[in-house]
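Enquirer: What follows is a single structure, and I will ask about it in a moment.
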Amino acid sequence: MATGRSSFSPQLLILILAAAVVAGLFLLPKGVVKPKEGKGEAARDAAATSAPNGGGPNTNGSKTEASSGPVPASQGVTAQQQPHTMASAEQRKGLNTLVARYRTAQGAAKLTVATDLAKQYQSVQRFDSAGYYYEQVAQAKPGEQAWKRAADQYFEAYSFAATEERAKMLGGKARELYEKVLKQNPQNLDAKTNLGMALMASENPVQGIMMLREVLAADPKNEKALYNLGILALQSNQPDKAVERFEELAKVNPKNVNGLFYLGVSLAQSGKKEQARQTFQKVKSLSNDPGLLTSVNEELQKL
């Protein structure tokens with residue numbers, strides 16, 4: 001990720017979509033391990049209390065909170081299917097008030113409300129809805145950063161997709177917007193890396209891997225690209241290759257606990273149990289996140 005928030009979005013650890021290169025299977029790294037990191041390293045798995053639909057102009061004429069994008073991304077999705085979503089009754093009331101204001105606002109005022117809506121949806125982790133409103137702003141005032149704000153939110157939603165159908169829809173939207181970013185600036189490596197990962201839910205996942213390799217060619221120390229290529233190597237049953245990626249990541253950032261955790265997993269799958277044990281112990285010395293430590297202890301027990 002090299003650029004953007006801190007180093008890279010920790011939820012990619014457990015929920016980013018991947019495809020086995022040969023089989024083209026829809027997989028989740030969650031099937032490998034389940035460390036619970038995330039914004040604030042808090043309870044991503046808390047049951048959602050949000051309304052059944054996401055944000056965005058209501059496309060079905062109902063009086064509930066509208067659904068996101070031109071496609072109702074959250075419509076019909078249960079709380080269990082979007083565990084990243086958290087919104088109290090008071091927050092939902094505030095969001096509905098803003099949605100009503102958005103529908104009647106005009107000109108610059110409408111863009112201001114759209115930005116407010118995007119920020120509010122982002123704060124309650126309704127990322128597809130946040131992406132929709134940021135996209136409305138970008139359409140009115142296009143530019144590299146405007147498109148990227150929208151793309152990043154759809155990518156965030158994509159990384160939490162609980163079904164293949166949602167992953168394909170949200171991944172497709174993220175790809176569409178990242179392509180606009182790269183049209184403005186082909187050297188935006190963060191956008192290029194996320195586009196590469198979003199391609200994992202497309203008809204051509206190999207193109208995504210090639211894109212990640214292009215990022216590393218331009219920036220050999222890019223943490224996000226190294227990390228994601230390591231995850232993809234694990235998903236395609238190439239633990240030795242994953243070890244190479246995560247070892248390189250550890251050289252770039254020895255305190256990257258996410259990368260170290262998966263280095264331990266990769267070493268264990270490669271049969272290097274003592275090295276894996278030492279790596280997991282290092283993770284424990286660097287992190288106090290209870291979810292991650294639980295996963296580390298589970299992996300240690302397997303050894």
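In the structure tokens, chains take letters A, B, ... by order of appearance, with residues numbered from 1 within each chain and ligands from 1 in the order shown.
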For A:Thr193, please output as a CSV table (one decimal) with N, CA and C atoms, in the first residue's frame all residues within 12 Å (counting only C-alpha atoms; exclusion window: fewer than 6 positions along the same chain).
Expert:
```csv
chain,number,residue,atom,x,y,z
A,1,MET,N,0.8,-1.2,0.0
A,1,MET,CA,0.0,0.0,0.0
A,1,MET,C,0.9,1.2,0.0
A,2,ALA,N,1.9,1.1,0.6
A,2,ALA,CA,2.9,2.2,0.6
A,2,ALA,C,2.4,3.5,0.8
A,3,THR,N,1.2,3.9,0.2
A,3,THR,CA,0.6,5.2,0.4
A,3,THR,C,-0.7,5.0,1.0
A,4,GLY,N,-1.3,6.0,1.4
A,4,GLY,CA,-2.7,5.9,2.0
A,4,GLY,C,-2.6,5.8,3.5
A,8,PHE,N,-1.5,-0.1,5.2
A,8,PHE,CA,-2.5,-0.6,4.3
A,8,PHE,C,-3.7,-1.0,5.2
A,152,ASP,N,-11.8,4.2,-3.2
A,152,ASP,CA,-11.4,3.5,-2.0
A,152,ASP,C,-12.5,3.0,-1.1
A,155,PHE,N,-13.8,-0.1,-2.7
A,155,PHE,CA,-12.8,-1.2,-2.5
A,155,PHE,C,-12.9,-1.7,-1.0
A,174,ALA,N,-15.3,-0.7,-8.0
A,174,ALA,CA,-14.0,-0.2,-7.6
A,174,ALA,C,-13.1,-0.1,-8.8
A,175,ARG,N,-13.1,-1.1,-9.6
A,175,ARG,CA,-12.3,-1.1,-10.8
A,175,ARG,C,-12.6,0.0,-11.7
A,178,TYR,N,-11.1,3.2,-10.1
A,178,TYR,CA,-9.7,3.2,-10.1
A,178,TYR,C,-9.1,3.5,-11.5
A,179,GLU,N,-9.8,3.0,-12.5
A,179,GLU,CA,-9.4,3.2,-13.8
A,179,GLU,C,-9.4,4.7,-14.2
A,181,VAL,N,-9.0,7.0,-11.9
A,181,VAL,CA,-7.8,7.6,-11.1
A,181,VAL,C,-6.6,7.5,-12.0
A,182,LEU,N,-6.4,6.3,-12.5
A,182,LEU,CA,-5.1,6.0,-13.3
A,182,LEU,C,-5.1,6.7,-14.6
A,186,PRO,N,-1.3,7.8,-14.0
A,186,PRO,CA,-0.9,6.4,-14.2
A,186,PRO,C,0.1,6.0,-13.1
A,187,GLN,N,0.7,6.9,-12.4
A,187,GLN,CA,1.8,6.6,-11.4
A,187,GLN,C,1.2,6.5,-10.0
A,199,LEU,N,-9.3,-6.8,-9.3
A,199,LEU,CA,-9.4,-7.7,-10.5
A,199,LEU,C,-9.5,-9.2,-10.1
A,200,MET,N,-9.2,-9.5,-8.8
A,200,MET,CA,-9.3,-10.9,-8.4
A,200,MET,C,-10.8,-11.4,-8.5
A,207,GLN,N,-4.6,-10.8,-14.7
A,207,GLN,CA,-4.3,-9.4,-15.0
A,207,GLN,C,-4.0,-8.6,-13.7
A,208,GLY,N,-4.8,-9.0,-12.6
A,208,GLY,CA,-4.5,-8.3,-11.4
A,208,GLY,C,-3.2,-8.6,-10.8
A,209,ILE,N,-2.8,-9.9,-10.9
A,209,ILE,CA,-1.4,-10.3,-10.4
A,209,ILE,C,-0.3,-9.6,-11.2
A,210,MET,N,-0.5,-9.5,-12.5
A,210,MET,CA,0.5,-8.8,-13.3
A,210,MET,C,0.5,-7.3,-12.9
A,211,MET,N,-0.6,-6.7,-12.6
A,211,MET,CA,-0.6,-5.3,-12.2
A,211,MET,C,0.1,-5.1,-10.8
A,212,LEU,N,0.0,-6.1,-9.9
A,212,LEU,CA,0.7,-6.0,-8.7
A,212,LEU,C,2.2,-6.1,-8.9
A,213,ARG,N,2.6,-6.9,-9.8
A,213,ARG,CA,4.0,-7.1,-10.1
A,213,ARG,C,4.5,-5.8,-10.8
A,214,GLU,N,3.7,-5.1,-11.6
A,214,GLU,CA,4.1,-3.9,-12.1
A,214,GLU,C,4.4,-2.8,-11.0
A,215,VAL,N,3.5,-2.9,-10.0
A,215,VAL,CA,3.7,-2.0,-8.9
A,215,VAL,C,5.1,-2.2,-8.2
A,216,LEU,N,5.4,-3.5,-8.0
A,216,LEU,CA,6.7,-3.9,-7.4
A,216,LEU,C,7.9,-3.5,-8.3
A,218,ALA,N,8.0,-0.9,-10.1
A,218,ALA,CA,8.1,0.5,-10.0
A,218,ALA,C,8.6,0.9,-8.6
A,219,ASP,N,8.2,0.1,-7.6
A,219,ASP,CA,8.5,0.4,-6.2
A,219,ASP,C,8.7,-1.0,-5.5
A,222,ASN,N,7.3,-1.6,-2.0
A,222,ASN,CA,5.8,-1.3,-1.7
A,222,ASN,C,5.2,-2.4,-0.8
A,223,GLU,N,4.9,-2.0,0.4
A,223,GLU,CA,4.4,-2.9,1.4
A,223,GLU,C,3.1,-3.6,0.9
A,224,LYS,N,2.2,-2.8,0.4
A,224,LYS,CA,0.9,-3.3,0.0
A,224,LYS,C,1.0,-4.3,-1.1
A,225,ALA,N,1.8,-4.1,-2.1
A,225,ALA,CA,1.9,-5.0,-3.2
A,225,ALA,C,2.6,-6.3,-2.7
A,226,LEU,N,3.6,-6.2,-1.9
A,226,LEU,CA,4.3,-7.3,-1.3
A,226,LEU,C,3.3,-8.2,-0.5
A,227,TYR,N,2.6,-7.5,0.4
A,227,TYR,CA,1.6,-8.2,1.2
A,227,TYR,C,0.6,-8.9,0.4
A,228,ASN,N,0.0,-8.3,-0.6
A,228,ASN,CA,-1.1,-8.9,-1.4
A,228,ASN,C,-0.6,-10.0,-2.2
A,229,LEU,N,0.6,-9.9,-2.8
A,229,LEU,CA,1.2,-11.0,-3.6
A,229,LEU,C,1.4,-12.2,-2.7
```
Enquirer: From a backbone DSSP assignment, name each residue in stretch 181-275 of chain A labelled helix (DSSP H, G or I), as a VMD selection string.
Expert: chain A and resid 181 to 184 189 to 201 205 to 218 223 to 235 239 to 252 257 to 269 273 to 275
Enquirer: Which one is closest to A:Pro254: A:Thr279, A:Asn204, A:Ser123, A:Gln139? Count only C-alpha atoms.
Expert: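 Looking at the shortest contact to A:Pro254, the residue is A:Thr279.
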Enquirer: To one decimal in Å, tell me the separation between atom CA of A:Val113 and atom CA of A:Gln91.
Expert: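 Calculated distance between atom CA of A:Val113 and atom CA of A:Gln91 is 15.7 Å.
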Enquirer: Using only C-alpha atoms, determine which residues lie at most 9 Å from A:Leu111, disregarding the query and same-chain residues fewer than 5 positions distant; provide the list as number ranges by chain.
Expert: A: 102, 105-106, 116, 133, 136-137, 140
Enquirer: Export, as a tab-separated table (two decimals), in the first residue's frame, the selected residues with N, CA and C atoms.
Expert:
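Contents of out.tsv, as written:
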```tsv
chain	number	residue	atom	x	y	z
A	102	TYR	N	-30.38	15.75	0.96
A	102	TYR	CA	-29.70	15.55	-0.32
A	102	TYR	C	-30.69	15.56	-1.48
A	105	ALA	N	-31.67	19.25	-2.10
A	105	ALA	CA	-30.62	20.26	-2.28
A	105	ALA	C	-30.29	20.45	-3.76
A	106	GLN	N	-29.73	21.59	-4.07
A	106	GLN	CA	-29.36	21.92	-5.45
A	106	GLN	C	-27.93	22.46	-5.49
A	116	ASP	N	-20.97	15.25	3.25
A	116	ASP	CA	-21.33	14.94	4.63
A	116	ASP	C	-21.88	13.52	4.76
A	133	TYR	N	-21.76	8.34	-2.57
A	133	TYR	CA	-21.85	9.80	-2.43
A	133	TYR	C	-20.56	10.50	-2.82
A	136	GLN	N	-20.69	10.87	-6.46
A	136	GLN	CA	-21.51	11.98	-6.94
A	136	GLN	C	-20.71	13.27	-6.94
A	137	VAL	N	-19.89	13.45	-5.91
A	137	VAL	CA	-19.04	14.64	-5.84
A	137	VAL	C	-18.00	14.61	-6.96
A	140	ALA	N	-19.30	15.60	-10.32
A	140	ALA	CA	-19.50	17.05	-10.46
A	140	ALA	C	-18.17	17.79	-10.52
```
Enquirer: Quick one: residues within 12 Å of A:Ser285, only C-alpha atoms counted, chain neighbours fewer than 4 positions away excluded, as number ranges by chain?
Expert: A: 255-257, 260-261, 278-281, 289, 292-293, 296
Enquirer: Could those selected residues go to a file with N, CA and C atoms, as a tab-separated table (two decimals), in the first residue's frame?
Expert:
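The file below, out-v9.tsv, is the result:
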```
chain	number	residue	atom	x	y	z
A	255	LYS	N	8.25	-4.32	11.68
A	255	LYS	CA	7.18	-4.24	12.68
A	255	LYS	C	5.80	-4.38	12.06
A	256	ASN	N	5.75	-4.82	10.83
A	256	ASN	CA	4.47	-5.04	10.18
A	256	ASN	C	3.90	-6.37	10.69
A	257	VAL	N	3.08	-6.30	11.73
A	257	VAL	CA	2.60	-7.52	12.38
A	257	VAL	C	1.70	-8.34	11.47
A	260	LEU	N	4.00	-10.26	9.29
A	260	LEU	CA	4.70	-11.26	10.08
A	260	LEU	C	3.78	-12.43	10.41
A	261	PHE	N	2.54	-12.13	10.70
A	261	PHE	CA	1.59	-13.22	11.00
A	261	PHE	C	1.51	-14.17	9.81
A	278	GLN	N	9.01	-19.11	15.92
A	278	GLN	CA	9.74	-17.90	16.27
A	278	GLN	C	9.05	-16.65	15.71
A	279	THR	N	8.51	-16.78	14.50
A	279	THR	CA	7.83	-15.65	13.88
A	279	THR	C	6.55	-15.30	14.63
A	280	PHE	N	5.79	-16.31	15.02
A	280	PHE	CA	4.56	-16.06	15.78
A	280	PHE	C	4.88	-15.42	17.13
A	281	GLN	N	5.97	-15.86	17.77
A	281	GLN	CA	6.36	-15.26	19.04
A	281	GLN	C	6.73	-13.79	18.86
A	289	ASP	N	-3.19	-6.76	20.14
A	289	ASP	CA	-4.56	-6.91	19.63
A	289	ASP	C	-5.08	-8.30	20.01
A	292	LEU	N	-5.88	-10.78	17.03
A	292	LEU	CA	-4.67	-11.27	16.38
A	292	LEU	C	-3.95	-12.27	17.28
A	293	LEU	N	-3.85	-11.96	18.57
A	293	LEU	CA	-3.16	-12.85	19.49
A	293	LEU	C	-3.87	-14.19	19.62
A	296	VAL	N	-2.82	-16.09	16.63
A	296	VAL	CA	-1.43	-16.53	16.78
A	296	VAL	C	-1.39	-17.78	17.67
```
Enquirer: With only C-alpha atoms as the counted atoms, please give the residues lying no more than 8 Å from A:Leu117, apart from itself and same-chain residues fewer than 3 positions off, as a list in words.
Expert: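 The residues that qualify are Leu95, Leu98, Val99, Val113, Ala114, Gln120, Tyr121, Ala130 and Tyr133 of chain A.
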